[in-house]
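Student: Please find target-v3.json (JSON, C-alpha atoms) on the next line:
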```json
[["chain", "number", "residue", "atom", "x", "y", "z"],
["E", 1, "MET", "CA", -23.35, -2.06, -40.03],
["E", 2, "LYS", "CA", -22.72, -5.70, -40.96],
["E", 3, "LYS", "CA", -21.85, -4.64, -44.51],
["E", 4, "LEU", "CA", -19.36, -2.09, -43.18],
["E", 5, "ILE", "CA", -17.69, -4.70, -40.96],
["E", 6, "LEU", "CA", -17.57, -7.15, -43.86],
["E", 7, "LEU", "CA", -16.05, -4.53, -46.15],
["E", 8, "ALA", "CA", -13.46, -3.57, -43.52],
["E", 9, "SER", "CA", -12.59, -7.26, -43.03],
["E", 10, "LEU", "CA", -12.17, -7.80, -46.75],
["E", 11, "LEU", "CA", -9.94, -4.74, -47.06],
["E", 12, "LEU", "CA", -7.82, -5.96, -44.15],
["E", 13, "VAL", "CA", -7.43, -9.41, -45.71],
["E", 14, "ALA", "CA", -6.53, -7.89, -49.09],
["E", 15, "SER", "CA", -3.95, -5.55, -47.54],
["E", 16, "ASN", "CA", -2.37, -8.46, -45.65],
["E", 17, "VAL", "CA", -2.11, -10.50, -48.83],
["E", 18, "TRP", "CA", -0.25, -7.69, -50.62],
["E", 19, "SER", "CA", 1.91, -6.79, -47.65],
["E", 20, "ALA", "CA", 2.93, -10.34, -46.79],
["E", 21, "GLY", "CA", 6.39, -9.92, -48.25],
["E", 22, "GLU", "CA", 5.27, -9.29, -51.81],
["E", 23, "TYR", "CA", 7.47, -6.77, -53.55],
["E", 24, "LEU", "CA", 5.43, -4.46, -55.79],
["E", 25, "PRO", "CA", 7.88, -3.05, -58.34],
["E", 26, "TYR", "CA", 5.47, -0.84, -60.30],
["E", 27, "ASP", "CA", 4.21, 2.54, -59.14],
["E", 28, "GLU", "CA", 0.68, 2.36, -60.50],
["E", 29, "SER", "CA", 0.17, 6.12, -60.15],
["E", 30, "ALA", "CA", 3.43, 7.15, -61.84],
["E", 31, "ASN", "CA", 3.52, 9.18, -65.04],
["E", 32, "ALA", "CA", 5.59, 6.74, -67.09],
["E", 33, "GLU", "CA", 6.19, 9.20, -69.94],
["E", 34, "ILE", "CA", 7.74, 11.74, -67.56],
["E", 35, "GLU", "CA", 9.77, 9.06, -65.75],
["E", 36, "LEU", "CA", 11.05, 7.75, -69.07],
["E", 37, "ALA", "CA", 11.99, 11.24, -70.32],
["E", 38, "ASN", "CA", 13.80, 11.92, -67.03],
["E", 39, "ALA", "CA", 15.63, 8.60, -67.29],
["E", 40, "ILE", "CA", 16.86, 9.39, -70.82],
["E", 41, "THR", "CA", 18.09, 12.80, -69.65],
["E", 42, "GLU", "CA", 19.85, 11.21, -66.67],
["E", 43, "ALA", "CA", 21.36, 8.46, -68.85],
["E", 44, "SER", "CA", 22.76, 11.08, -71.18],
["E", 45, "LYS", "CA", 24.37, 12.94, -68.27],
["E", 46, "GLU", "CA", 25.79, 9.77, -66.71],
["E", 47, "ASN", "CA", 26.76, 8.04, -69.98],
["E", 48, "LYS", "CA", 24.46, 5.10, -69.21],
["E", 49, "TYR", "CA", 21.71, 3.20, -70.94],
["E", 50, "VAL", "CA", 18.03, 3.14, -69.98],
["E", 51, "LEU", "CA", 16.41, -0.15, -69.03],
["E", 52, "ILE", "CA", 12.63, -0.10, -69.27],
["E", 53, "GLU", "CA", 11.03, -2.86, -67.24],
["E", 54, "MET", "CA", 7.40, -3.30, -68.35],
["E", 55, "GLY", "CA", 5.00, -5.28, -66.24],
["E", 56, "ALA", "CA", 2.34, -5.12, -63.55],
["E", 57, "ASN", "CA", 2.03, -5.73, -59.83],
["E", 58, "TRP", "CA", -0.62, -8.44, -60.30],
["E", 59, "CYS", "CA", 1.87, -10.51, -62.33],
["E", 60, "PRO", "CA", 3.91, -13.03, -60.27],
["E", 61, "ASP", "CA", 6.67, -13.15, -62.89],
["E", 62, "CYS", "CA", 6.93, -9.34, -62.81],
["E", 63, "ARG", "CA", 7.14, -9.31, -59.02],
["E", 64, "THR", "CA", 9.82, -11.99, -59.18],
["E", 65, "LEU", "CA", 11.86, -10.00, -61.69],
["E", 66, "GLY", "CA", 11.38, -6.87, -59.58],
["E", 67, "ARG", "CA", 12.67, -8.69, -56.49],
["E", 68, "TYR", "CA", 15.66, -9.99, -58.41],
["E", 69, "PHE", "CA", 16.42, -6.46, -59.61],
["E", 70, "GLN", "CA", 16.77, -5.54, -55.92],
["E", 71, "ARG", "CA", 19.22, -8.37, -55.17],
["E", 72, "GLU", "CA", 22.55, -6.77, -54.26],
["E", 73, "ASP", "CA", 24.70, -8.20, -57.08],
["E", 74, "ILE", "CA", 22.04, -7.72, -59.76],
["E", 75, "LYS", "CA", 21.20, -4.21, -58.57],
["E", 76, "ALA", "CA", 24.91, -3.28, -58.61],
["E", 77, "TRP", "CA", 25.27, -4.64, -62.17],
["E", 78, "LEU", "CA", 22.19, -2.73, -63.32],
["E", 79, "ASP", "CA", 23.07, 0.52, -61.51],
["E", 80, "GLU", "CA", 26.53, 0.55, -63.07],
["E", 81, "ARG", "CA", 25.07, 0.44, -66.59],
["E", 82, "PHE", "CA", 21.47, 1.65, -66.53],
["E", 83, "ILE", "CA", 18.89, 4.08, -65.36],
["E", 84, "VAL", "CA", 16.02, 1.66, -64.68],
["E", 85, "VAL", "CA", 12.40, 2.68, -65.26],
["E", 86, "ALA", "CA", 9.57, 0.37, -64.17],
["E", 87, "VAL", "CA", 6.53, 0.96, -66.40],
["E", 88, "ASP", "CA", 3.17, -0.35, -65.21],
["E", 89, "VAL", "CA", 1.13, -1.77, -68.10],
["E", 90, "GLY", "CA", -1.83, -2.67, -65.89],
["E", 91, "GLU", "CA", -3.84, -5.41, -67.56],
["E", 92, "TRP", "CA", -2.59, -4.39, -70.99],
["E", 93, "ASP", "CA", -4.50, -1.13, -70.57],
["E", 94, "LYS", "CA", -1.88, 1.36, -69.34],
["E", 95, "ASN", "CA", 1.16, 2.94, -70.97],
["E", 96, "LEU", "CA", 0.58, 0.99, -74.16],
["E", 97, "GLU", "CA", 1.95, 3.86, -76.26],
["E", 98, "ILE", "CA", 5.35, 3.23, -74.63],
["E", 99, "ALA", "CA", 5.15, -0.48, -75.43],
["E", 100, "GLU", "CA", 4.12, 0.27, -79.04],
["E", 101, "ARG", "CA", 6.97, 2.74, -79.45],
["E", 102, "TYR", "CA", 9.46, -0.08, -78.80],
["E", 103, "GLY", "CA", 7.98, -2.91, -80.85],
["E", 104, "ASN", "CA", 5.27, -3.98, -78.37],
["E", 105, "PRO", "CA", 7.41, -6.35, -76.27],
["E", 106, "ILE", "CA", 4.47, -7.02, -73.95],
["E", 107, "SER", "CA", 2.53, -8.79, -76.71],
["E", 108, "GLU", "CA", 4.30, -12.06, -75.87],
["E", 109, "GLY", "CA", 4.03, -11.66, -72.11],
["E", 110, "ILE", "CA", 5.29, -9.66, -69.19],
["E", 111, "PRO", "CA", 7.66, -8.76, -67.73],
["E", 112, "SER", "CA", 9.40, -7.32, -70.76],
["E", 113, "LEU", "CA", 12.59, -5.33, -71.04],
["E", 114, "VAL", "CA", 13.70, -2.63, -73.47],
["E", 115, "VAL", "CA", 17.20, -1.15, -73.57],
["E", 116, "LEU", "CA", 17.66, 2.38, -74.89],
["E", 117, "ASP", "CA", 20.92, 4.18, -75.49],
["E", 118, "SER", "CA", 21.51, 7.54, -73.84],
["E", 119, "GLU", "CA", 19.71, 9.28, -76.71],
["E", 120, "GLY", "CA", 16.59, 7.14, -76.32],
["E", 121, "VAL", "CA", 17.20, 4.88, -79.32],
["E", 122, "MET", "CA", 16.14, 1.26, -78.79],
["E", 123, "GLN", "CA", 19.03, -1.20, -78.72],
["E", 124, "PHE", "CA", 17.28, -4.34, -77.45],
["E", 125, "ALA", "CA", 13.86, -5.64, -76.49],
["E", 126, "THR", "CA", 12.47, -8.93, -75.26],
["E", 127, "LEU", "CA", 10.10, -9.41, -78.18],
["E", 128, "ALA", "CA", 9.57, -13.16, -77.71],
["E", 129, "GLY", "CA", 8.39, -13.26, -74.08],
["E", 130, "GLU", "CA", 11.85, -14.24, -72.85],
["E", 131, "LEU", "CA", 11.10, -13.25, -69.24],
["E", 132, "ALA", "CA", 7.40, -14.14, -69.11],
["E", 133, "THR", "CA", 8.32, -17.13, -66.93],
["E", 134, "ALA", "CA", 10.75, -15.22, -64.68],
["E", 135, "ARG", "CA", 9.47, -17.01, -61.57],
["E", 136, "GLU", "CA", 11.00, -20.20, -62.97],
["E", 137, "MET", "CA", 14.43, -18.53, -63.05],
["E", 138, "SER", "CA", 16.78, -18.14, -60.15],
["E", 139, "GLY", "CA", 18.50, -14.85, -59.49],
["E", 140, "ASP", "CA", 21.71, -16.44, -60.74],
["E", 141, "ASP", "CA", 19.94, -17.50, -63.95],
["E", 142, "LEU", "CA", 18.77, -13.92, -64.41],
["E", 143, "ILE", "CA", 22.17, -12.30, -63.99],
["E", 144, "ASP", "CA", 23.66, -14.87, -66.39],
["E", 145, "TRP", "CA", 20.89, -14.10, -68.91],
["E", 146, "LEU", "CA", 21.45, -10.35, -68.56],
["E", 147, "LYS", "CA", 25.18, -10.76, -69.11],
["E", 148, "GLU", "CA", 24.64, -13.05, -72.10],
["E", 149, "GLN", "CA", 21.82, -11.15, -73.82],
["E", 150, "ILE", "CA", 22.36, -7.51, -72.87],
["E", 151, "GLN", "CA", 26.05, -7.04, -72.03],
["E", 152, "PRO", "CA", 27.18, -7.54, -75.68],
["E", 153, "ILE", "CA", 24.92, -4.65, -76.72],
["E", 154, "LEU", "CA", 26.66, -2.40, -74.22],
["E", 155, "ASP", "CA", 30.21, -3.30, -75.28]]
```
Starting from the file, lay out its structure as structure tokens.

Tutor:
Amino acid sequence: MKKLILLASLLLVASNVWSAGEYLPYDESANAEIELANAITEASKENKYVLIEMGANWCPDCRTLGRYFQREDIKAWLDERFIVVAVDVGEWDKNLEIAERYGNPISEGIPSLVVLDSEGVMQFATLAGELATAREMSGDDLIDWLKEQIQPILD
């Protein structure tokens, strides 16, 4: 009985840690290949690009980037241009075939971004770990970086 109470207590503590305002941007049970295929189809219909956001919920920089992607001005900028797909890479043990397909941007850290055109052809990737320290950026820094690095590709 004591073990059961201890286990229940640990689970409660763990759930409180994750629910204490932490945004978890990655659906760990999602089929990333299907979501990516659907995003490319949708991008083609809407004349948009696809933005693949690779990371993991355990990663503080990934959670920070995910929160920023929900900020009203950043979300509006993204939604106008992209179909966004969050791809969970676990602890470098999930969806690696997607990362490999686009030059393995996670090799230098996560989160990583890949931009595809509406036909699924890669146009940009963060291959040097550019966002691996996202928690050191402000939301304003991020939107400036997106406009500087990615907007020219879209023009």

Student: Work out how far apart atom CA of Pro60 of chain E and atom CA of Asp27 of chain E are and give it in Å to one decimal.

Tutor: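 Result for atom CA of Pro60 of chain E versus atom CA of Asp27 of chain E: 15.6 Å, one decimal.
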
Student: May I ask for the distance between atom CA of Thr64 of chain E and atom CA of Leu36 of chain E, given in Å to one decimal place?

Tutor: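 Pair atom CA of Thr64 of chain E / atom CA of Leu36 of chain E returns 22.1 Å.
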
Student: What lies within 10 Å of segment 97-100 of chain E using all atoms listed in the file, ignoring chain neighbours under 6 positions off, as an NGL selection string?

Tutor: :E and (32-33 or 36 or 52 or 54 or 87 or 89 or 106-107 or 112-114)

Student: Please write the residues from the selection above to a file, keeping C-alpha atoms, as a PDB file, in the coordinates of the input.

Tutor:
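The resulting file, out.pdb, is shown below:
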```pdb
ATOM      1  CA  ALA E  32       5.590   6.740 -67.090  1.00  0.00           C
ATOM      2  CA  GLU E  33       6.190   9.200 -69.940  1.00  0.00           C
ATOM      3  CA  LEU E  36      11.050   7.750 -69.070  1.00  0.00           C
ATOM      4  CA  ILE E  52      12.630  -0.100 -69.270  1.00  0.00           C
ATOM      5  CA  MET E  54       7.400  -3.300 -68.350  1.00  0.00           C
ATOM      6  CA  VAL E  87       6.530   0.960 -66.400  1.00  0.00           C
ATOM      7  CA  VAL E  89       1.130  -1.770 -68.100  1.00  0.00           C
ATOM      8  CA  ILE E 106       4.470  -7.020 -73.950  1.00  0.00           C
ATOM      9  CA  SER E 107       2.530  -8.790 -76.710  1.00  0.00           C
ATOM     10  CA  SER E 112       9.400  -7.320 -70.760  1.00  0.00           C
ATOM     11  CA  LEU E 113      12.590  -5.330 -71.040  1.00  0.00           C
ATOM     12  CA  VAL E 114      13.700  -2.630 -73.470  1.00  0.00           C
TER      13      VAL E 114
END
```

Student: Around all the atoms of segment 143-153 of chain E listed in the file, with 4 Å of room on each side, what axis-aligned box do you get, giving centre and edge lengths in Å to one decimal, as AutoDock Vina command-line options?

Tutor:
```
--center_x 24.0 --center_y -9.8 --center_z -70.4 --size_x 14.3 --size_y 18.2 --size_z 20.7
```

Student: Choose the residue, out of E:Leu127, E:Val115, E:Cys59, E:Ala86, that has the smallest atom-to-atom separation from Gly103 of chain E; count all atoms listed in the file.

Tutor: E:Leu127

Student: What's around segment 41-47 of chain E at 12 Å? Count all atoms listed in the file, leave out sequence neighbours fewer than 4 positions away in its own chain, and write the answer as a list in words.

Tutor: Ile34, Glu35, Leu36, Ala37, Leu51, Asp79, Glu80, Arg81, Phe82, Ile83, Val84, Val85, Val115, Leu116, Asp117, Ser118, Glu119, Gly120, Val121 and Leu154 of chain E

Student: So what do you get for atom CA of Glu130 of chain E versus atom CA of Gly55 of chain E, distance-wise?

Tutor: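 Computing the Euclidean distance for atom CA of Glu130 of chain E and atom CA of Gly55 of chain E yields 13.1 Å.
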
Student: Using all atoms listed in the file, find the one residue out of E:Ala56, E:Ala39, E:Gly109, E:Gln123 that sits nearest to Gln151 of chain E.

Tutor: E:Gln123

Student: For Trp145 of chain E, which of E:Asn95, E:Asn38, E:Asn57, E:Thr126 is the closest residue, counting all atoms listed in the file?

Tutor: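 Under the stated criterion, the closest residue is E:Thr126.
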
Student: Just save segment 37-78 of chain E with N, CA and C atoms, as a PDB file, in the first residue's frame.

Tutor:
```pdb
ATOM      1  N   ALA E  37       2.613  15.104 -44.688  1.00  0.00           N
ATOM      2  CA  ALA E  37       1.959  14.932 -45.999  1.00  0.00           C
ATOM      3  C   ALA E  37       0.702  15.789 -46.088  1.00  0.00           C
ATOM      4  N   ASN E  38      -0.095  15.814 -45.025  1.00  0.00           N
ATOM      5  CA  ASN E  38      -1.300  16.648 -45.010  1.00  0.00           C
ATOM      6  C   ASN E  38      -0.953  18.130 -45.104  1.00  0.00           C
ATOM      7  N   ALA E  39       0.119  18.537 -44.438  1.00  0.00           N
ATOM      8  CA  ALA E  39       0.535  19.939 -44.481  1.00  0.00           C
ATOM      9  C   ALA E  39       0.959  20.345 -45.888  1.00  0.00           C
ATOM     10  N   ILE E  40       1.683  19.482 -46.581  1.00  0.00           N
ATOM     11  CA  ILE E  40       2.107  19.783 -47.956  1.00  0.00           C
ATOM     12  C   ILE E  40       0.888  19.904 -48.867  1.00  0.00           C
ATOM     13  N   THR E  41      -0.070  19.009 -48.705  1.00  0.00           N
ATOM     14  CA  THR E  41      -1.310  19.078 -49.494  1.00  0.00           C
ATOM     15  C   THR E  41      -2.046  20.380 -49.218  1.00  0.00           C
ATOM     16  N   GLU E  42      -2.164  20.740 -47.943  1.00  0.00           N
ATOM     17  CA  GLU E  42      -2.851  21.976 -47.555  1.00  0.00           C
ATOM     18  C   GLU E  42      -2.096  23.199 -48.068  1.00  0.00           C
ATOM     19  N   ALA E  43      -0.775  23.182 -47.979  1.00  0.00           N
ATOM     20  CA  ALA E  43       0.031  24.307 -48.464  1.00  0.00           C
ATOM     21  C   ALA E  43      -0.169  24.502 -49.955  1.00  0.00           C
ATOM     22  N   SER E  44      -0.255  23.420 -50.680  1.00  0.00           N
ATOM     23  CA  SER E  44      -0.480  23.499 -52.122  1.00  0.00           C
ATOM     24  C   SER E  44      -1.836  24.139 -52.421  1.00  0.00           C
ATOM     25  N   LYS E  45      -2.853  23.752 -51.676  1.00  0.00           N
ATOM     26  CA  LYS E  45      -4.194  24.313 -51.875  1.00  0.00           C
ATOM     27  C   LYS E  45      -4.258  25.789 -51.512  1.00  0.00           C
ATOM     28  N   GLU E  46      -3.529  26.181 -50.465  1.00  0.00           N
ATOM     29  CA  GLU E  46      -3.607  27.549 -49.946  1.00  0.00           C
ATOM     30  C   GLU E  46      -2.478  28.444 -50.449  1.00  0.00           C
ATOM     31  N   ASN E  47      -1.620  27.905 -51.324  1.00  0.00           N
ATOM     32  CA  ASN E  47      -0.477  28.657 -51.844  1.00  0.00           C
ATOM     33  C   ASN E  47       0.394  29.196 -50.698  1.00  0.00           C
ATOM     34  N   LYS E  48       0.746  28.288 -49.792  1.00  0.00           N
ATOM     35  CA  LYS E  48       1.588  28.621 -48.650  1.00  0.00           C
ATOM     36  C   LYS E  48       2.807  27.714 -48.642  1.00  0.00           C
ATOM     37  N   TYR E  49       3.689  27.986 -47.726  1.00  0.00           N
ATOM     38  CA  TYR E  49       4.846  27.145 -47.470  1.00  0.00           C
ATOM     39  C   TYR E  49       4.537  26.258 -46.263  1.00  0.00           C
ATOM     40  N   VAL E  50       5.374  25.258 -46.047  1.00  0.00           N
ATOM     41  CA  VAL E  50       5.286  24.406 -44.858  1.00  0.00           C
ATOM     42  C   VAL E  50       6.478  24.742 -43.971  1.00  0.00           C
ATOM     43  N   LEU E  51       6.207  24.928 -42.697  1.00  0.00           N
ATOM     44  CA  LEU E  51       7.268  25.148 -41.718  1.00  0.00           C
ATOM     45  C   LEU E  51       7.268  23.949 -40.783  1.00  0.00           C
ATOM     46  N   ILE E  52       8.350  23.173 -40.840  1.00  0.00           N
ATOM     47  CA  ILE E  52       8.510  22.035 -39.939  1.00  0.00           C
ATOM     48  C   ILE E  52       9.316  22.506 -38.746  1.00  0.00           C
ATOM     49  N   GLU E  53       8.735  22.331 -37.571  1.00  0.00           N
ATOM     50  CA  GLU E  53       9.382  22.705 -36.319  1.00  0.00           C
ATOM     51  C   GLU E  53       9.755  21.403 -35.619  1.00  0.00           C
ATOM     52  N   MET E  54      11.047  21.074 -35.595  1.00  0.00           N
ATOM     53  CA  MET E  54      11.504  19.822 -34.983  1.00  0.00           C
ATOM     54  C   MET E  54      12.040  20.088 -33.586  1.00  0.00           C
ATOM     55  N   GLY E  55      11.582  19.270 -32.650  1.00  0.00           N
ATOM     56  CA  GLY E  55      12.038  19.423 -31.282  1.00  0.00           C
ATOM     57  C   GLY E  55      11.406  18.375 -30.398  1.00  0.00           C
ATOM     58  N   ALA E  56      11.387  18.667 -29.090  1.00  0.00           N
ATOM     59  CA  ALA E  56      10.842  17.724 -28.118  1.00  0.00           C
ATOM     60  C   ALA E  56      10.336  18.481 -26.901  1.00  0.00           C
ATOM     61  N   ASN E  57       9.354  17.903 -26.239  1.00  0.00           N
ATOM     62  CA  ASN E  57       8.752  18.554 -25.076  1.00  0.00           C
ATOM     63  C   ASN E  57       9.691  18.650 -23.877  1.00  0.00           C
ATOM     64  N   TRP E  58      10.694  17.800 -23.789  1.00  0.00           N
ATOM     65  CA  TRP E  58      11.635  17.855 -22.669  1.00  0.00           C
ATOM     66  C   TRP E  58      12.597  19.030 -22.810  1.00  0.00           C
ATOM     67  N   CYS E  59      12.682  19.596 -23.997  1.00  0.00           N
ATOM     68  CA  CYS E  59      13.677  20.626 -24.331  1.00  0.00           C
ATOM     69  C   CYS E  59      13.158  22.031 -24.002  1.00  0.00           C
ATOM     70  N   PRO E  60      13.796  22.740 -23.069  1.00  0.00           N
ATOM     71  CA  PRO E  60      13.308  24.078 -22.706  1.00  0.00           C
ATOM     72  C   PRO E  60      13.349  25.076 -23.877  1.00  0.00           C
ATOM     73  N   ASP E  61      14.338  24.953 -24.752  1.00  0.00           N
ATOM     74  CA  ASP E  61      14.401  25.853 -25.902  1.00  0.00           C
ATOM     75  C   ASP E  61      13.255  25.577 -26.870  1.00  0.00           C
ATOM     76  N   CYS E  62      12.884  24.307 -27.009  1.00  0.00           N
ATOM     77  CA  CYS E  62      11.764  23.929 -27.880  1.00  0.00           C
ATOM     78  C   CYS E  62      10.448  24.440 -27.321  1.00  0.00           C
ATOM     79  N   ARG E  63      10.270  24.315 -26.015  1.00  0.00           N
ATOM     80  CA  ARG E  63       9.054  24.822 -25.385  1.00  0.00           C
ATOM     81  C   ARG E  63       8.975  26.337 -25.514  1.00  0.00           C
ATOM     82  N   THR E  64      10.113  27.008 -25.385  1.00  0.00           N
ATOM     83  CA  THR E  64      10.144  28.457 -25.549  1.00  0.00           C
ATOM     84  C   THR E  64       9.737  28.836 -26.962  1.00  0.00           C
ATOM     85  N   LEU E  65      10.332  28.191 -27.955  1.00  0.00           N
ATOM     86  CA  LEU E  65       9.978  28.482 -29.343  1.00  0.00           C
ATOM     87  C   LEU E  65       8.497  28.197 -29.585  1.00  0.00           C
ATOM     88  N   GLY E  66       8.004  27.088 -29.058  1.00  0.00           N
ATOM     89  CA  GLY E  66       6.599  26.749 -29.197  1.00  0.00           C
ATOM     90  C   GLY E  66       5.683  27.807 -28.604  1.00  0.00           C
ATOM     91  N   ARG E  67       6.054  28.323 -27.430  1.00  0.00           N
ATOM     92  CA  ARG E  67       5.271  29.409 -26.814  1.00  0.00           C
ATOM     93  C   ARG E  67       5.307  30.654 -27.686  1.00  0.00           C
ATOM     94  N   TYR E  68       6.483  30.991 -28.192  1.00  0.00           N
ATOM     95  CA  TYR E  68       6.591  32.170 -29.054  1.00  0.00           C
ATOM     96  C   TYR E  68       5.742  32.011 -30.308  1.00  0.00           C
ATOM     97  N   PHE E  69       5.695  30.802 -30.847  1.00  0.00           N
ATOM     98  CA  PHE E  69       4.880  30.561 -32.044  1.00  0.00           C
ATOM     99  C   PHE E  69       3.396  30.779 -31.768  1.00  0.00           C
ATOM    100  N   GLN E  70       3.004  30.784 -30.495  1.00  0.00           N
ATOM    101  CA  GLN E  70       1.611  31.042 -30.126  1.00  0.00           C
ATOM    102  C   GLN E  70       1.356  32.521 -29.814  1.00  0.00           C
ATOM    103  N   ARG E  71       2.414  33.325 -29.726  1.00  0.00           N
ATOM    104  CA  ARG E  71       2.234  34.753 -29.471  1.00  0.00           C
ATOM    105  C   ARG E  71       1.483  35.371 -30.641  1.00  0.00           C
ATOM    106  N   GLU E  72       0.526  36.215 -30.365  1.00  0.00           N
ATOM    107  CA  GLU E  72      -0.417  36.700 -31.373  1.00  0.00           C
ATOM    108  C   GLU E  72       0.248  37.223 -32.648  1.00  0.00           C
ATOM    109  N   ASP E  73       1.231  38.098 -32.525  1.00  0.00           N
ATOM    110  CA  ASP E  73       1.853  38.678 -33.722  1.00  0.00           C
ATOM    111  C   ASP E  73       2.672  37.649 -34.495  1.00  0.00           C
ATOM    112  N   ILE E  74       3.366  36.778 -33.777  1.00  0.00           N
ATOM    113  CA  ILE E  74       4.179  35.749 -34.438  1.00  0.00           C
ATOM    114  C   ILE E  74       3.269  34.716 -35.093  1.00  0.00           C
ATOM    115  N   LYS E  75       2.226  34.296 -34.376  1.00  0.00           N
ATOM    116  CA  LYS E  75       1.280  33.331 -34.932  1.00  0.00           C
ATOM    117  C   LYS E  75       0.621  33.887 -36.195  1.00  0.00           C
ATOM    118  N   ALA E  76       0.237  35.156 -36.177  1.00  0.00           N
ATOM    119  CA  ALA E  76      -0.382  35.774 -37.356  1.00  0.00           C
ATOM    120  C   ALA E  76       0.594  35.781 -38.526  1.00  0.00           C
ATOM    121  N   TRP E  77       1.860  36.113 -38.264  1.00  0.00           N
ATOM    122  CA  TRP E  77       2.880  36.134 -39.324  1.00  0.00           C
ATOM    123  C   TRP E  77       3.060  34.736 -39.905  1.00  0.00           C
ATOM    124  N   LEU E  78       3.149  33.747 -39.023  1.00  0.00           N
ATOM    125  CA  LEU E  78       3.317  32.366 -39.476  1.00  0.00           C
ATOM    126  C   LEU E  78       2.089  31.879 -40.249  1.00  0.00           C
TER     127      LEU E  78
END
```
